[in-house]
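S.K.: Take a look at the following structure, please.
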Amino acid sequence: MSINVCIANRKGGTGKTSVAVNLAATLADFGWRVLLVDLDSQGHCSLGLGMEYQSRKGVHRLFKGESVCLAEVVQSTPYDGLDLLPADIRYDGLPSSHDKKQLKHLLEQQAVENHYHWVIMDTPPSQDIALMNGLVAADTVLVPMIADSLAQAGVRQFTQLFFEMAMYENRNLKLMGIIPVMSNPQMPKHQAVMEQVERVYGADKILTRIPRDNALPESFHLGVPLIHSAEKSFASRAFIELAQSLQDQWLWRKDLNKRE
């Protein structure tokens with residue numbers, strides 16, 4: 001069975017896609033089979049992996065009432081163990097229904113859990129059907145945030161949504177924690193925001209800080225994840241630590257064998 005991880009925040013520009021791409025690539029480099037699902041119709045996961053957009057062949061067809069066969073839409077990436085379920089960049093945001101379980105059913109019915117160890121889902125900041133589907137399909141949620149007041153408000157808004165979904169739609173959903181992105185503890189403003197977040201959510205919910213590092217935007221520009229383009233960079237080391245902590249948190253529940 002796969003472990004499904006939703007990367008989400010109600011605020012845009014908080015590093016969700018960077019976290020999703022680099023976490024997925026790092027887990028694959030560890031030897032796991034990973035499926036990266038791009039639920040944001042901007043399709044930026046493709047860019048982060050150096051792949052072209054695949055219009056009309058993405059996961060968003062699911063929300064338009066079309067039949068989706070994973071074998072036809074999942075793409076191999078240049079990286080061993082990592083596959084991509086791309087976005088449909090032509091998706092207009094108007095779903096054919098408000099069924100929040102479409103993605104969950106797709107992943108269950110088409111044997112994803114028997115093929116992949118991890119499913120990493122990048123989501124849009126808007127509270128739309130794609131985000132809802134990601135939360136219903138997930139086991140756990142990671143919330144990237146930048147240490148400023150607007151991003152802090154986005155975390156607060158997302159937390160309200162999270163508890164609603166965990167109470168009424170997915171009772172097994174867990175909030176693993178918050179990931180500070182472009183973190184700089186030397187800046188008093190950053191430190192003050194993170195101290196406030198710790199007081200609200202608890203220090204145990206603050207996960208590995210992803211430092212401000214020029215290697216991160218450069219890797220996205222190249223279309224090569226950090227683990228392959230700048231493995232020794234500070235940001236790459238942080239993603240390795242994050243991936244290891246994710247393993248420690250979740251692998252107790254199932255006996256998984258890495259790919260050979």
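Residue numbering restarts at 1 for every chain of the structure tokens, chains are lettered A, B, ... in their displayed order, and ligands are numbered from 1 as they appear.
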Using only C-alpha atoms, which residues sit within 7 Å of segment 11-17 of chain A once same-chain residues fewer than 5 positions away are excluded, as a list in words?
M.R.: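 Near segment 11-17 of chain A, the qualifying residues are His44, Cys45, Asp122, Pro125, Pro144, Met145, Ile146, Ala151, Gly154 and Val181 of chain A.
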S.K.: Which of segment 17-259 of chain A end up as helix (DSSP H, G or I) when DSSP is run on this backbone - answer as a ChimeraX atom specification?
M.R.: /A:17-29,44-48,59-64,70-73,102-109,112-115,129-137,149-168,188-201,203-205,215-222,226-229,234-253
S.K.: Using only C-alpha atoms, pick whichever of A:Lys101, A:Arg171, A:His221, A:Lys232 has the shortest atom-to-atom distance to Met51 of chain A.
M.R.: A:His221
S.K.: So which one's closest to Val143 of chain A, A:Trp32, A:Tyr201, A:Leu94, A:Gln247? Using only C-alpha atoms, please.
M.R.: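 Closest to Val143 of chain A, using only C-alpha atoms: A:Tyr201.
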S.K.: Write out as a PDB file with N, CA and C atoms, in the first residue's frame which residues come within 8 Å of Asp83 of chain A when counting only C-alpha atoms, dropping same-chain ones fewer than 5 positions away.
M.R.:
ATOM      1  N   VAL A  34       7.870   6.147  -6.524  1.00  0.00           N
ATOM      2  CA  VAL A  34       7.129   7.352  -6.161  1.00  0.00           C
ATOM      3  C   VAL A  34       6.288   7.839  -7.332  1.00  0.00           C
ATOM      4  N   LEU A  35       5.046   8.215  -7.054  1.00  0.00           N
ATOM      5  CA  LEU A  35       4.176   8.876  -8.032  1.00  0.00           C
ATOM      6  C   LEU A  35       3.942  10.309  -7.575  1.00  0.00           C
ATOM      7  N   LEU A  36       4.311  11.276  -8.416  1.00  0.00           N
ATOM      8  CA  LEU A  36       4.065  12.691  -8.156  1.00  0.00           C
ATOM      9  C   LEU A  36       2.805  13.094  -8.906  1.00  0.00           C
ATOM     10  N   VAL A  74      -0.110   8.500 -16.867  1.00  0.00           N
ATOM     11  CA  VAL A  74       1.106   8.577 -16.053  1.00  0.00           C
ATOM     12  C   VAL A  74       2.330   8.568 -16.963  1.00  0.00           C
ATOM     13  N   GLN A  75       3.268   9.450 -16.679  1.00  0.00           N
ATOM     14  CA  GLN A  75       4.480   9.576 -17.489  1.00  0.00           C
ATOM     15  C   GLN A  75       5.708   9.151 -16.694  1.00  0.00           C
ATOM     16  N   SER A  76       6.597   8.460 -17.356  1.00  0.00           N
ATOM     17  CA  SER A  76       7.906   8.198 -16.774  1.00  0.00           C
ATOM     18  C   SER A  76       8.700   9.501 -16.778  1.00  0.00           C
ATOM     19  N   THR A  77       9.516   9.700 -15.780  1.00  0.00           N
ATOM     20  CA  THR A  77      10.384  10.878 -15.718  1.00  0.00           C
ATOM     21  C   THR A  77      11.822  10.436 -15.992  1.00  0.00           C
TER      22      THR A  77
END
S.K.: Measuring between only C-alpha atoms, which one of A:Leu103, A:Leu49, A:Ala71, A:Val112 shows the shortest distance to Ser18 of chain A?
M.R.: A:Leu49
S.K.: Select, from A:Thr159, A:Met182, A:Ile3, A:Ile129, the residue with the minimum atom-to-atom distance to Asn214 of chain A, counting only C-alpha atoms.
M.R.: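 Looking at the shortest contact to Asn214 of chain A, the residue is A:Met182.
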S.K.: When you look at segment 235-237 of chain A with a cut-off of 6 Å (counting only C-alpha atoms), what residues show up, excluding the ones that are within fewer than 2 positions of it in the same chain? I need them as JSON, numbers by chain.
M.R.: {"A": [210, 211, 226, 227, 231, 233, 239, 240]}
S.K.: Go ahead and save the picked residues with C-alpha atoms, as a short mmCIF file (atom, residue, chain, number, x, y, z; two decimals), in the first residue's frame.
M.R.:
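The resulting file, result.cif, is reproduced below:
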data_model
loop_
_atom_site.label_atom_id
_atom_site.label_comp_id
_atom_site.auth_asym_id
_atom_site.auth_seq_id
_atom_site.Cartn_x
_atom_site.Cartn_y
_atom_site.Cartn_z
CA ILE A 210 14.37 24.61 3.85
CA PRO A 211 16.95 27.41 3.83
CA LEU A 226 18.24 19.26 -6.23
CA ILE A 227 19.18 15.68 -5.36
CA GLU A 231 23.10 17.24 -3.88
CA SER A 233 23.70 22.22 -1.34
CA PHE A 239 15.15 17.82 1.65
CA ILE A 240 17.14 14.68 2.47
#
S.K.: Give the answer as one residue: which of A:Gln160, A:Ala147, A:Arg199, A:Tyr91 has the shortest atom-to-atom distance to Gln127 of chain A, using only C-alpha atoms?
M.R.: A:Gln160
S.K.: Between A:His60, A:Arg212, A:Lys174, A:His117, which has the minimum distance to Ile89 of chain A (counting only C-alpha atoms)?
M.R.: A:His60
S.K.: Would you give me, as a Markdown table, each residue of segment 67-160 of chain A having an atom within 12 Å of an atom of segment 241-244 of chain A, along with its shortest atom pair and that distance in Å to one decimal, using only C-alpha atoms and sorting by chain and residue number?
M.R.:
| residue | atom | partner | partner_atom | distance |
| --- | --- | --- | --- | --- |
| A:Trp118 | CA | A:Ala243 | CA | 11.1 |
| A:Ile120 | CA | A:Ala243 | CA | 11.6 |
| A:Leu142 | CA | A:Leu242 | CA | 10.5 |
| A:Pro144 | CA | A:Leu242 | CA | 11.9 |
S.K.: For a test of reading the model, state the distance in Å between atom CA of Arg33 of chain A and atom CA of Ser2 of chain A, rounded to one decimal.
M.R.: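 Separation of atom CA of Arg33 of chain A and atom CA of Ser2 of chain A: 9.3 Å.
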S.K.: Do you know which residues are at most 8 Å from Tyr53 of chain A counting only C-alpha atoms, after dropping those on the same chain fewer than 4 positions away, and could you put them as a list of chain:residue names?
M.R.: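 Non-adjacent residues within range: A:Gly43, A:Ser46, A:Leu47, A:Pro86, A:Ala87, A:Asp88, A:Ile89.
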S.K.: Store the residues picked out above, limited to N, CA and C atoms, as a PDB file, in the first residue's frame.
M.R.:
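The file below, again_28.pdb, is the result:
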ATOM      1  N   GLY A  43       0.585  23.330 -13.768  1.00  0.00           N
ATOM      2  CA  GLY A  43       1.452  22.292 -14.320  1.00  0.00           C
ATOM      3  C   GLY A  43       2.926  22.453 -14.036  1.00  0.00           C
ATOM      4  N   SER A  46       5.758  19.545 -13.923  1.00  0.00           N
ATOM      5  CA  SER A  46       6.416  19.145 -15.165  1.00  0.00           C
ATOM      6  C   SER A  46       7.678  19.966 -15.390  1.00  0.00           C
ATOM      7  N   LEU A  47       7.593  21.269 -15.167  1.00  0.00           N
ATOM      8  CA  LEU A  47       8.758  22.134 -15.361  1.00  0.00           C
ATOM      9  C   LEU A  47       9.883  21.757 -14.413  1.00  0.00           C
ATOM     10  N   PRO A  86       0.523  14.134 -14.592  1.00  0.00           N
ATOM     11  CA  PRO A  86       0.600  15.579 -14.834  1.00  0.00           C
ATOM     12  C   PRO A  86      -0.739  16.288 -14.717  1.00  0.00           C
ATOM     13  N   ALA A  87      -0.651  17.604 -14.666  1.00  0.00           N
ATOM     14  CA  ALA A  87      -1.836  18.453 -14.684  1.00  0.00           C
ATOM     15  C   ALA A  87      -2.315  18.659 -16.115  1.00  0.00           C
ATOM     16  N   ASP A  88      -3.555  19.081 -16.236  1.00  0.00           N
ATOM     17  CA  ASP A  88      -4.082  19.536 -17.521  1.00  0.00           C
ATOM     18  C   ASP A  88      -4.124  21.055 -17.458  1.00  0.00           C
ATOM     19  N   ILE A  89      -3.205  21.722 -18.164  1.00  0.00           N
ATOM     20  CA  ILE A  89      -3.090  23.174 -18.053  1.00  0.00           C
ATOM     21  C   ILE A  89      -4.269  23.897 -18.701  1.00  0.00           C
TER      22      ILE A  89
END
S.K.: Based on the backbone DSSP call, show me all residues of segment 87-184 of chain A assigned strand (DSSP E), as number ranges by chain.
M.R.: A: 118-122, 140-146, 174-183
S.K.: Could you save the residues just selected, with N, CA and C atoms, as a PDB file, in the first residue's frame?
M.R.:
ATOM      1  N   TRP A 118       5.078   5.637  -2.384  1.00  0.00           N
ATOM      2  CA  TRP A 118       4.683   6.988  -1.992  1.00  0.00           C
ATOM      3  C   TRP A 118       3.928   7.662  -3.128  1.00  0.00           C
ATOM      4  N   VAL A 119       2.861   8.376  -2.791  1.00  0.00           N
ATOM      5  CA  VAL A 119       2.172   9.262  -3.725  1.00  0.00           C
ATOM      6  C   VAL A 119       2.265  10.669  -3.140  1.00  0.00           C
ATOM      7  N   ILE A 120       2.952  11.566  -3.840  1.00  0.00           N
ATOM      8  CA  ILE A 120       3.144  12.949  -3.395  1.00  0.00           C
ATOM      9  C   ILE A 120       2.255  13.848  -4.255  1.00  0.00           C
ATOM     10  N   MET A 121       1.351  14.595  -3.619  1.00  0.00           N
ATOM     11  CA  MET A 121       0.380  15.402  -4.354  1.00  0.00           C
ATOM     12  C   MET A 121       0.641  16.895  -4.157  1.00  0.00           C
ATOM     13  N   ASP A 122       0.922  17.584  -5.248  1.00  0.00           N
ATOM     14  CA  ASP A 122       1.020  19.047  -5.236  1.00  0.00           C
ATOM     15  C   ASP A 122      -0.377  19.604  -5.486  1.00  0.00           C
ATOM     16  N   THR A 140      -1.515  11.950   5.015  1.00  0.00           N
ATOM     17  CA  THR A 140      -0.929  13.009   5.818  1.00  0.00           C
ATOM     18  C   THR A 140      -0.738  14.265   4.971  1.00  0.00           C
ATOM     19  N   VAL A 141      -0.590  15.405   5.640  1.00  0.00           N
ATOM     20  CA  VAL A 141      -0.458  16.690   4.967  1.00  0.00           C
ATOM     21  C   VAL A 141       0.805  17.391   5.440  1.00  0.00           C
ATOM     22  N   LEU A 142       1.534  17.956   4.499  1.00  0.00           N
ATOM     23  CA  LEU A 142       2.661  18.833   4.778  1.00  0.00           C
ATOM     24  C   LEU A 142       2.299  20.234   4.309  1.00  0.00           C
ATOM     25  N   VAL A 143       2.581  21.241   5.130  1.00  0.00           N
ATOM     26  CA  VAL A 143       2.187  22.624   4.824  1.00  0.00           C
ATOM     27  C   VAL A 143       3.427  23.503   4.694  1.00  0.00           C
ATOM     28  N   PRO A 144       3.891  23.767   3.468  1.00  0.00           N
ATOM     29  CA  PRO A 144       5.011  24.698   3.302  1.00  0.00           C
ATOM     30  C   PRO A 144       4.557  26.128   3.595  1.00  0.00           C
ATOM     31  N   MET A 145       5.439  26.912   4.180  1.00  0.00           N
ATOM     32  CA  MET A 145       5.115  28.321   4.407  1.00  0.00           C
ATOM     33  C   MET A 145       6.386  29.145   4.390  1.00  0.00           C
ATOM     34  N   ILE A 146       6.246  30.383   3.956  1.00  0.00           N
ATOM     35  CA  ILE A 146       7.305  31.376   4.041  1.00  0.00           C
ATOM     36  C   ILE A 146       7.049  32.200   5.290  1.00  0.00           C
ATOM     37  N   LYS A 174      -3.944  12.964   8.732  1.00  0.00           N
ATOM     38  CA  LYS A 174      -3.056  13.464   9.772  1.00  0.00           C
ATOM     39  C   LYS A 174      -2.293  14.689   9.274  1.00  0.00           C
ATOM     40  N   LEU A 175      -2.088  15.649  10.166  1.00  0.00           N
ATOM     41  CA  LEU A 175      -1.265  16.812   9.857  1.00  0.00           C
ATOM     42  C   LEU A 175       0.144  16.532  10.352  1.00  0.00           C
ATOM     43  N   MET A 176       1.028  16.185   9.418  1.00  0.00           N
ATOM     44  CA  MET A 176       2.390  15.880   9.840  1.00  0.00           C
ATOM     45  C   MET A 176       3.099  17.135  10.329  1.00  0.00           C
ATOM     46  N   GLY A 177       2.941  18.259   9.583  1.00  0.00           N
ATOM     47  CA  GLY A 177       3.564  19.463  10.088  1.00  0.00           C
ATOM     48  C   GLY A 177       3.772  20.543   9.049  1.00  0.00           C
ATOM     49  N   ILE A 178       4.430  21.604   9.500  1.00  0.00           N
ATOM     50  CA  ILE A 178       4.676  22.810   8.710  1.00  0.00           C
ATOM     51  C   ILE A 178       6.145  22.853   8.308  1.00  0.00           C
ATOM     52  N   ILE A 179       6.393  23.187   7.040  1.00  0.00           N
ATOM     53  CA  ILE A 179       7.759  23.242   6.516  1.00  0.00           C
ATOM     54  C   ILE A 179       8.122  24.696   6.217  1.00  0.00           C
ATOM     55  N   PRO A 180       8.969  25.321   7.009  1.00  0.00           N
ATOM     56  CA  PRO A 180       9.419  26.677   6.676  1.00  0.00           C
ATOM     57  C   PRO A 180      10.296  26.645   5.425  1.00  0.00           C
ATOM     58  N   VAL A 181       9.925  27.430   4.425  1.00  0.00           N
ATOM     59  CA  VAL A 181      10.644  27.472   3.154  1.00  0.00           C
ATOM     60  C   VAL A 181      11.330  28.829   3.013  1.00  0.00           C
ATOM     61  N   MET A 182      12.509  28.842   2.388  1.00  0.00           N
ATOM     62  CA  MET A 182      13.329  30.056   2.277  1.00  0.00           C
ATOM     63  C   MET A 182      13.585  30.636   3.661  1.00  0.00           C
ATOM     64  N   SER A 183      13.840  29.725   4.587  1.00  0.00           N
ATOM     65  CA  SER A 183      14.010  30.102   5.985  1.00  0.00           C
ATOM     66  C   SER A 183      15.346  30.793   6.217  1.00  0.00           C
TER      67      SER A 183
END
S.K.: Just to confirm, what's the straight-line distance from atom CA of Asp148 of chain A to atom CA of Met194 of chain A in Å (one decimal)?
M.R.: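 Separation of atom CA of Asp148 of chain A and atom CA of Met194 of chain A: 8.8 Å.
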S.K.: How far is it from atom CA of Thr123 of chain A to atom CA of Ile7 of chain A, in Å with one decimal?
M.R.: 6.3 Å
S.K.: Considering only C-alpha atoms, return as a list in words whatever protein or nucleic-acid residues lie within 12 Å of Tyr168 of chain A, sequence-local ones (same chain, fewer than 6 positions apart) excluded.
M.R.: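 In the requested format, the answer is Lys100, Met132, Leu135, Val136, Leu161 and Phe162 of chain A.
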S.K.: Restricted to N, CA and C atoms, what would the selected residues look like written as a PDB file, in the first residue's frame?
M.R.:
ATOM      1  N   LYS A 100     -15.709  14.628  -3.908  1.00  0.00           N
ATOM      2  CA  LYS A 100     -14.380  14.812  -3.330  1.00  0.00           C
ATOM      3  C   LYS A 100     -13.574  13.522  -3.295  1.00  0.00           C
ATOM      4  N   MET A 132      -9.591  19.559  -2.559  1.00  0.00           N
ATOM      5  CA  MET A 132     -10.451  18.682  -1.755  1.00  0.00           C
ATOM      6  C   MET A 132     -10.147  17.220  -2.048  1.00  0.00           C
ATOM      7  N   LEU A 135      -6.909  16.125  -0.386  1.00  0.00           N
ATOM      8  CA  LEU A 135      -7.025  15.919   1.052  1.00  0.00           C
ATOM      9  C   LEU A 135      -7.776  14.629   1.382  1.00  0.00           C
ATOM     10  N   VAL A 136      -8.782  14.304   0.600  1.00  0.00           N
ATOM     11  CA  VAL A 136      -9.523  13.075   0.841  1.00  0.00           C
ATOM     12  C   VAL A 136      -8.670  11.847   0.520  1.00  0.00           C
ATOM     13  N   LEU A 161      -9.583  24.532   7.133  1.00  0.00           N
ATOM     14  CA  LEU A 161     -10.048  23.588   6.117  1.00  0.00           C
ATOM     15  C   LEU A 161      -9.617  22.169   6.475  1.00  0.00           C
ATOM     16  N   PHE A 162      -8.378  22.021   6.926  1.00  0.00           N
ATOM     17  CA  PHE A 162      -7.867  20.696   7.283  1.00  0.00           C
ATOM     18  C   PHE A 162      -8.764  20.032   8.319  1.00  0.00           C
TER      19      PHE A 162
END
S.K.: Please identify all polymer residues within 9 Å of Val193 of chain A, counting only C-alpha atoms, omitting same-chain residues fewer than 2 positions from it, and present them as a VMD selection string.
M.R.: chain A and resid 147 to 149 152 188 to 191 195 to 198
